[in-house]
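In what follows, a structure is listed as structure tokens, so that the remarks can point back to it.
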Amino acid sequence: MNILVERDYLVIDGKPRFIFGGDFNYTRTPRDHWQDRLLKMKAAGLNTVTFYAIWAYHEPSRDSWNWSDNHDLAHFIDLIHNEGMWAIARLGPFVHGEWRNGGLPQWLVDELGPKVRTNAPEYLELTRKWYEQVLAIVVPRLITRGGPIIILQLENELGSAGSKGDDIARGSVDPEENAKHVLFYYKIIREHGVDIPIIDINHFPGREKIENLIDTGGCYITSCFGREGEFPSMTTEKWNSHKRPRISIETMGGMFVRYFDWPSYRHTNGYQGPIVEPEFIEAITYHHLAEGYNGINYYIFVDGQHCENGAERMLPQRDMNFQAPITVVGNLRESYRVIKRIGWFLRAFEQEILRSQPNESWVTAVSYGRPHPGLESPADLFEGYHKEAEPVPDHLLHVRKVECLGRATRGLNLSESNFAFLLNTKVHGSQWLRDIRLLTNPSGIACEVWQEYPKLIQMSLPLQRNKCLPFYVKLAPGTFLEYSTAELLDRRPFDKGVQVILHADADEMTETSLVLPRQGEIKKRGEAMALWQSPHTLRVLSVPGPDLQIICMDSETPLRFVLMERELAGDVWDVASPHGRLVAASNMSLLESRIEDKKTKVRIQTNERDFDLFLLAPSAPSLSGPFADVNEKYDQEFGLYRACGTIPLPEPKIAFSKRKTDTSYIWEAEIRPECLAGLTDLVLHIEYEGTSAKAMLDGRFISDHGFGRYLFWEIGLRDWIGEGGLLSIEFENCRKADISIRPTVEFEAELRWK
């Protein structure tokens with residue numbers, strides 16, 4: 001396969017591709033869990049895995065290399081390839097990555113001191129050896145040699161970032177010296193036959209000497225390095241001057257929470273935040289998409305644990321706890337569901353997004369409603385509502401522009417593939433935006449008239465809510481989605497036609513306009529209202545509820561319109577079947593599935609006793625597995641299967657004793673391997689009001705936490721339990737603590753098709 005760097009995007013094997021990835025550092029997760037985490041990344045719609053190769057992890061002492069077991073980088077890359085995903089390798093030698101010394105071996109720092117990260121010959125000689133070692137694994141796995149690696153990164157943030165608390169320099173103050181440094185590594189990889197794009201996060205003079213260079217950067221709206229930021233306005237300024245694809249290598253997928261400084265860095269020793277809310281991640285992703293990014297990589301996507309002496313010293317010394325979408329024990333945060341909704345959309349409408357470009361003049365959005373209609377009233381809130389009907393001059397006093405930017409496609413007649421991004425998320429709070437009207441115009445794209453949307457309803461954006469609204473998206477030959485106030489999730493074949501899935505808030509009235517080749521029979525499931533506005537235009541008004549709304553339209557290519565709740569859209573999964581890949585929605589994790597003798601085998605993971613399952617399927621399946629009290633129902637007319645029931649989870653008992661000292665609150669219990677019988681893992685979910693905490697098992701340091709009431713704490717016992725022993729959890733300066741025991745099971749279920 002080949003890979004090319006075009007002006008707007010990457011072209012892989014002749015096809016434009018959107019790079020949607022997440023950082024998974026294999027050095028912080030045991031090898032036994034690698035595939036589990038990769039399956040969850042893939043299920044979220046990610047097509048790329050980014051990782052740092054850590055020098056200190058592979059050469060802990062001089063000339064003593066370790067590439068086996070948990071250090072087996074080749075196996076990790078091969079697993080990525082086996083899952084059909086791409087990889088971006090960040091080779092260092094300095095990586096930062098919250099590693100002690102930025103990933104440089106301690107022996108190297110002890111030996112060379114201030115010469116590290118410079119052009120000192122003795123440092124460059126040792127870094128060449130590192131590159132020769134890691135390239136022996138990486139080069140045979142480049143995409144041009146049949147592997148998954150599509151991009152390499154050399155060094156990291158040279159000249160702008162060091163390793164805080166470990167006194168590793170940022171690089172030289174002379175940009176020319178930094179240029180020589182990076183070009184030294186570039187020469188090495190060229191000598192070893194590297195022929196794929198290079199991503200640059202160093203920004204040095206002489207960058208033009210690097211072939212197939214990709215510009216990049218990162219975006220953390222709020223971080224622990226200073227004050228909490230705020231979202232900037234969306235703009236086309238950078239797009240208008242870009243010469244290479246815009247790909248972010250570090251979009252905020254979370255942020256580590258520094259809780260003390262070593263040595264003093266900026267503030268006092270104590271909790272310093274920040275907390276990254278899921279809507280922050282959604283907002284910055286939409287911000288990127290609106291401004292023309294055709295590649296987004298979240299840092300980080302998978303939490304883990306530092307190896308012995310592996311953590312940067314201003315962090316907890318065992319648990320990474322980056323607030324990542326996938327937690328240290330493999331559970332899924334709400335940010336995972338946010339990213340999954342976006343990932344499925346990008347996967348299904350990748351080419352439509354790539355065809356569109358930022359356009360400031362095509363669409364604007366205005367809110368005409370008061371955020372608090374009765375605010376001026378001294379008494380009842382509702383007394384102020386009548387004022388919205390007053391004459392226009394007064395009405396315009398509270399008109400507000402909504403943060404909005406469009407991506408549009410220049411085309412002939414009816415333009416295809418246009419998207420409007422609306423943001424109402426702020427770090428420091430936002431107001432409810434009511435009665436929003438979107439105005440599109442012919443400027444810059446080939447549409448014939450000015451239009452105002454929506455046509456029949458009032459649209460609003462609640463606090464901390466964002467939207468990506470579609471316009472003129474082609475669904476099938478002769479069939480378009482003209483516009484919708486719901487968001488796109490998925491599009492795929494279904495039986496003899498096409499199925500499109502959208503989502504919206506549970507209490508939100510949505511409006512969707514569909515352009516069809518002709519009028520035909522319409523069948524509805526649910527309370528949606530379908531109105532023909534012209535011989536070819538069908539408007540659908542609906543409010544998503546706990547069940548799915550489905551409208552089937554007879555046409556040359558039959559169309560299925562499915563609307564679901566936004567929350568349910570974060571729990572969708574792919575399921576293999578004799579009919580092709582089907583869409584399921586469940587609180588269980590349906591990690592992978594395969595067809596055997598016309599039966600679907602599904603690998604399931606869960607820590608919940610009650611389960612619910614939706615499956616959009618052309619024929620009726622029957623579910624079997626370790627379930628109890630299963631209730632199944634299939635709607636033949638609309639191709640919807642639903643099952644619910646219970647899973648008989650084992651109930652291990654852990655008897656904690658509790659005691660208090662002068663400054664600590666200590667919980668202790670005897671733990672035995674038998675408590676894991678029948679389980680994939682046994683997770684302790686902990687919430688406490690204190691400054692910090694640590695856990696020891698049989699004298700071994702297994703976990704720590706420094707965020708008190710702000711973030712929950714999870715301890716997975718599987719990887720530590722050994723022969724068991726005394727589990728001791730010590731909470732510092734703690735008034736109150738609560739520990740719940742959450743067993744996790746993994747099993748295979750079966751869908752039999754009738």
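Residue numbering restarts at 1 in every chain; chains get A, B, ... in the order shown in the structure tokens, and ligands count up from 1 in that same order.
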
(request) List every residue of segment 611-728 of chain A that DSSP, applied to the backbone of this structure, assigns to strand (DSSP E or B), and report them as a PyMOL selection string. (result) chain A and resi 611-616+621-624+628-635+640-646+657-660+664-671+681-689+692-697+700-705+713-716+725-728

Listing only residues of segment 75-108 of chain A within 8 Å of segment 51-58 of chain A, what is the closest atom pair and its distance in Å (to one decimal) for each, using only C-alpha atoms, sorted by chain and residue number ascending, as JSON lines?
{"residue": "A:Ala87", "atom": "CA", "partner": "A:Phe51", "partner_atom": "CA", "distance": 7.7}
{"residue": "A:Ile88", "atom": "CA", "partner": "A:Phe51", "partner_atom": "CA", "distance": 6.5}
{"residue": "A:Ala89", "atom": "CA", "partner": "A:Phe51", "partner_atom": "CA", "distance": 5.5}
{"residue": "A:Arg90", "atom": "CA", "partner": "A:Tyr52", "partner_atom": "CA", "distance": 4.7}
{"residue": "A:Leu91", "atom": "CA", "partner": "A:Ala53", "partner_atom": "CA", "distance": 5.2}
{"residue": "A:Gly92", "atom": "CA", "partner": "A:Ala53", "partner_atom": "CA", "distance": 7.1}
{"residue": "A:Pro93", "atom": "CA", "partner": "A:Trp55", "partner_atom": "CA", "distance": 6.5}
{"residue": "A:Val95", "atom": "CA", "partner": "A:Tyr52", "partner_atom": "CA", "distance": 6.9}
{"residue": "A:Gly97", "atom": "CA", "partner": "A:Tyr52", "partner_atom": "CA", "distance": 7.5}
{"residue": "A:Gly103", "atom": "CA", "partner": "A:Ala56", "partner_atom": "CA", "distance": 5.4}
{"residue": "A:Leu104", "atom": "CA", "partner": "A:Ala56", "partner_atom": "CA", "distance": 5.2}
{"residue": "A:Pro105", "atom": "CA", "partner": "A:Ala56", "partner_atom": "CA", "distance": 4.0}
{"residue": "A:Gln106", "atom": "CA", "partner": "A:Ala56", "partner_atom": "CA", "distance": 7.2}

(request) Name the residues in contact with segment 364-371 of chain A at a cut-off of 7 Å, using only C-alpha atoms, excluding same-chain residues fewer than 6 positions from it; report them as a VMD selection string. (result) chain A and resid 398 to 402 404 431 to 440

(request) Write out as an NGL selection string which residues come within 10 Å of segment 347-353 of chain A when counting only C-alpha atoms, dropping same-chain ones fewer than 4 positions away. (result) :A and (15-20 or 44-47 or 289-290 or 292-294 or 342-343 or 357 or 407-409 or 416-419 or 473-475 or 488-492 or 500)

Any chance you can output those residues with C-alpha atoms as a tab-separated table (two decimals), in the first residue's frame?
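Contents of the output file part08.tsv:
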chain	number	residue	atom	x	y	z
A	15	LYS	CA	-8.45	6.84	-1.25
A	16	PRO	CA	-8.71	10.04	0.83
A	17	ARG	CA	-8.86	9.11	4.53
A	18	PHE	CA	-9.78	10.88	7.74
A	19	ILE	CA	-7.37	9.94	10.54
A	20	PHE	CA	-9.33	9.41	13.77
A	44	ALA	CA	-15.60	3.78	19.22
A	45	GLY	CA	-14.97	4.35	15.50
A	46	LEU	CA	-11.24	5.01	15.82
A	47	ASN	CA	-9.14	3.86	12.87
A	289	LEU	CA	-13.78	19.67	12.34
A	290	ALA	CA	-15.30	23.08	11.64
A	292	GLY	CA	-10.86	21.98	8.53
A	293	TYR	CA	-8.96	19.32	10.44
A	294	ASN	CA	-8.96	16.04	8.55
A	342	ILE	CA	-18.46	11.31	16.66
A	343	GLY	CA	-16.36	8.31	15.59
A	357	GLN	CA	-14.16	22.76	3.49
A	407	ARG	CA	-18.03	23.07	6.24
A	408	ALA	CA	-19.43	23.21	2.74
A	409	THR	CA	-18.77	21.59	-0.63
A	416	GLU	CA	-23.65	17.94	-1.40
A	417	SER	CA	-22.11	17.32	2.00
A	418	ASN	CA	-22.48	20.47	4.07
A	419	PHE	CA	-22.27	20.60	7.87
A	473	VAL	CA	-26.04	14.76	2.47
A	474	LYS	CA	-26.56	12.06	-0.12
A	475	LEU	CA	-27.94	8.88	1.41
A	488	LEU	CA	-25.99	11.89	12.11
A	489	LEU	CA	-24.64	8.70	13.67
A	490	ASP	CA	-24.48	5.98	11.02
A	491	ARG	CA	-25.32	4.95	7.47
A	492	ARG	CA	-25.07	1.43	6.07
A	500	VAL	CA	-29.50	6.08	8.30

(message) Need the shell around segment 542-549 of chain A: protein/DNA/RNA residues with any atom at most 8 Å away, counting only C-alpha atoms. Skip same-chain ones fewer than 4 positions apart. Format as an NGL selection string?
(response) :A and (503-511 or 524-529 or 562-565)

I need the chosen residues saved as a tab-separated table (two decimals), in the first residue's frame, with C-alpha atoms.
chain	number	residue	atom	x	y	z
A	503	HIS	CA	-29.72	10.97	17.48
A	504	ALA	CA	-30.94	13.82	19.67
A	505	ASP	CA	-31.70	14.59	23.30
A	506	ALA	CA	-34.51	12.58	24.83
A	507	ASP	CA	-36.79	15.60	25.29
A	508	GLU	CA	-35.91	17.40	22.05
A	509	MET	CA	-38.31	18.01	19.18
A	510	THR	CA	-36.37	17.34	15.96
A	511	GLU	CA	-37.06	18.24	12.36
A	524	LYS	CA	-43.82	4.47	10.93
A	525	ARG	CA	-42.82	2.93	14.23
A	526	GLY	CA	-43.22	5.37	17.09
A	527	GLU	CA	-44.88	8.75	17.37
A	528	ALA	CA	-43.04	10.58	14.61
A	529	MET	CA	-45.06	12.79	12.24
A	562	VAL	CA	-33.93	5.63	12.60
A	563	LEU	CA	-33.95	8.15	15.46
A	564	MET	CA	-32.61	7.31	18.92
A	565	GLU	CA	-31.76	9.08	22.15

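Minimum distance to Lys599 of chain A across A:Glu730, A:Glu556, A:Glu750, A:Glu670 (counting only C-alpha atoms) occurs at A:Glu750.
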
(request) Once DSSP has gone over the backbone, tell me which residues of segment 602-744 of chain A are in helix (DSSP H, G or I), as a list in words. (result) Pro673, Glu674, Cys675, Leu676, Gly708, Arg709 and Tyr710 of chain A

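Remark: for Ser430 of chain A, the closest of the candidate residues A:Pro232, A:Pro462, A:Pro454, A:Pro30 is A:Pro462 (distances computed over only C-alpha atoms).
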
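Using only C-alpha atoms, the nearest neighbour of Ile196 of chain A within the list A:Asn2, A:Leu183, A:Ser664, A:Gly724 is A:Asn2.
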
(message) So that I can see what lies close to Asp681 of chain A, please list as an MDAnalysis selection string the residues with an atom at most 7 Å from it, counting only C-alpha atoms and leaving out residues fewer than 6 positions away in the same chain.
(response) chainID A and resid 716:718 743:744

Output N, CA and C atoms for every residue in that selection, as an mmCIF file, in the first residue's frame.
data_model
loop_
_atom_site.group_PDB
_atom_site.id
_atom_site.type_symbol
_atom_site.label_atom_id
_atom_site.label_comp_id
_atom_site.auth_asym_id
_atom_site.auth_seq_id
_atom_site.Cartn_x
_atom_site.Cartn_y
_atom_site.Cartn_z
ATOM 1 N N GLY A 716 -8.086 -2.404 39.989
ATOM 2 C CA GLY A 716 -8.345 -3.739 39.471
ATOM 3 C C GLY A 716 -7.430 -4.738 40.157
ATOM 4 N N LEU A 717 -8.007 -5.777 40.756
ATOM 5 C CA LEU A 717 -7.205 -6.721 41.544
ATOM 6 C C LEU A 717 -6.555 -7.806 40.704
ATOM 7 N N ARG A 718 -7.066 -8.047 39.503
ATOM 8 C CA ARG A 718 -6.583 -9.178 38.706
ATOM 9 C C ARG A 718 -5.075 -9.169 38.523
ATOM 10 N N PRO A 743 -17.687 -6.652 40.240
ATOM 11 C CA PRO A 743 -17.136 -7.759 39.456
ATOM 12 C C PRO A 743 -17.361 -7.559 37.960
ATOM 13 N N THR A 744 -16.370 -7.906 37.167
ATOM 14 C CA THR A 744 -16.455 -7.827 35.705
ATOM 15 C C THR A 744 -16.369 -9.233 35.130
#

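Rounded to one decimal, atom CA of Gly22 of chain A and atom CA of Met41 of chain A lie 7.6 Å from each other.
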
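Computed from the coordinates, the atom CA of Gly310 of chain A to atom CA of Leu682 of chain A distance equals 25.2 Å.
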
(message) Would you pick out the contacts of segment 580-586 of chain A at 8 Å or less, using only C-alpha atoms, so that residues sharing its chain but fewer than 4 positions from it are not included, and give the list as a ChimeraX atom specification?
(response) /A:568-569,571-576,590,611-617

Produce a file of the selected residues containing N, CA and C atoms, as an mmCIF file, in the first residue's frame.
data_model
loop_
_atom_site.group_PDB
_atom_site.id
_atom_site.type_symbol
_atom_site.label_atom_id
_atom_site.label_comp_id
_atom_site.auth_asym_id
_atom_site.auth_seq_id
_atom_site.Cartn_x
_atom_site.Cartn_y
_atom_site.Cartn_z
ATOM 1 N N LEU A 568 -28.381 6.723 24.242
ATOM 2 C CA LEU A 568 -28.329 5.385 23.666
ATOM 3 C C LEU A 568 -27.341 5.325 22.510
ATOM 4 N N ALA A 569 -27.190 6.432 21.772
ATOM 5 C CA ALA A 569 -26.264 6.470 20.639
ATOM 6 C C ALA A 569 -24.813 6.315 21.074
ATOM 7 N N ASP A 571 -23.936 4.027 23.146
ATOM 8 C CA ASP A 571 -23.799 2.615 23.503
ATOM 9 C C ASP A 571 -24.024 1.705 22.306
ATOM 10 N N VAL A 572 -23.691 2.170 21.101
ATOM 11 C CA VAL A 572 -23.882 1.349 19.908
ATOM 12 C C VAL A 572 -22.664 0.460 19.666
ATOM 13 N N TRP A 573 -22.919 -0.679 19.027
ATOM 14 C CA TRP A 573 -21.876 -1.662 18.737
ATOM 15 C C TRP A 573 -22.146 -2.304 17.383
ATOM 16 N N ASP A 574 -21.100 -2.750 16.714
ATOM 17 C CA ASP A 574 -21.239 -3.510 15.472
ATOM 18 C C ASP A 574 -21.408 -4.988 15.791
ATOM 19 N N VAL A 575 -22.298 -5.655 15.067
ATOM 20 C CA VAL A 575 -22.507 -7.093 15.241
ATOM 21 C C VAL A 575 -22.503 -7.754 13.867
ATOM 22 N N ALA A 576 -21.657 -8.761 13.711
ATOM 23 C CA ALA A 576 -21.624 -9.517 12.460
ATOM 24 C C ALA A 576 -22.880 -10.373 12.343
ATOM 25 N N LEU A 590 -20.150 -5.161 23.547
ATOM 26 C CA LEU A 590 -20.108 -6.227 22.546
ATOM 27 C C LEU A 590 -18.786 -6.086 21.797
ATOM 28 N N PHE A 611 -29.302 -6.311 31.784
ATOM 29 C CA PHE A 611 -28.867 -5.901 30.451
ATOM 30 C C PHE A 611 -30.067 -5.563 29.589
ATOM 31 N N ASP A 612 -29.798 -4.731 28.601
ATOM 32 C CA ASP A 612 -30.792 -4.331 27.615
ATOM 33 C C ASP A 612 -30.097 -4.352 26.264
ATOM 34 N N LEU A 613 -30.787 -4.815 25.239
ATOM 35 C CA LEU A 613 -30.167 -4.951 23.914
ATOM 36 C C LEU A 613 -31.165 -4.600 22.834
ATOM 37 N N PHE A 614 -30.779 -3.640 21.981
ATOM 38 C CA PHE A 614 -31.489 -3.371 20.729
ATOM 39 C C PHE A 614 -30.638 -3.926 19.591
ATOM 40 N N LEU A 615 -31.268 -4.470 18.567
ATOM 41 C CA LEU A 615 -30.538 -4.920 17.383
ATOM 42 C C LEU A 615 -31.396 -4.659 16.159
ATOM 43 N N LEU A 616 -30.880 -3.844 15.247
ATOM 44 C CA LEU A 616 -31.564 -3.563 13.991
ATOM 45 C C LEU A 616 -31.208 -4.668 13.012
ATOM 46 N N ALA A 617 -32.156 -5.580 12.754
ATOM 47 C CA ALA A 617 -31.855 -6.816 12.023
ATOM 48 C C ALA A 617 -32.978 -7.151 11.049
#

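One distance worth recording is that between atom CA of His81 of chain A and atom CA of Gly21 of chain A, which is 14.0 Å.
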
(request) Can you work out which one of A:Glu6, A:Glu98, A:Glu482, A:Glu334 has the shortest atom-to-atom distance to Asn309 of chain A, counting only C-alpha atoms? (result) A:Glu98

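With distances restricted to only C-alpha atoms, A:Glu308 is the closest residue to Arg700 of chain A from A:Asp200, A:Glu308, A:Glu177, A:Asp195.
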
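In terms of minimum interatomic distance to Pro442 of chain A, A:Arg410 ranks closest within A:Tyr710, A:Arg410, A:Ile296, A:Trp65, counting only C-alpha atoms.
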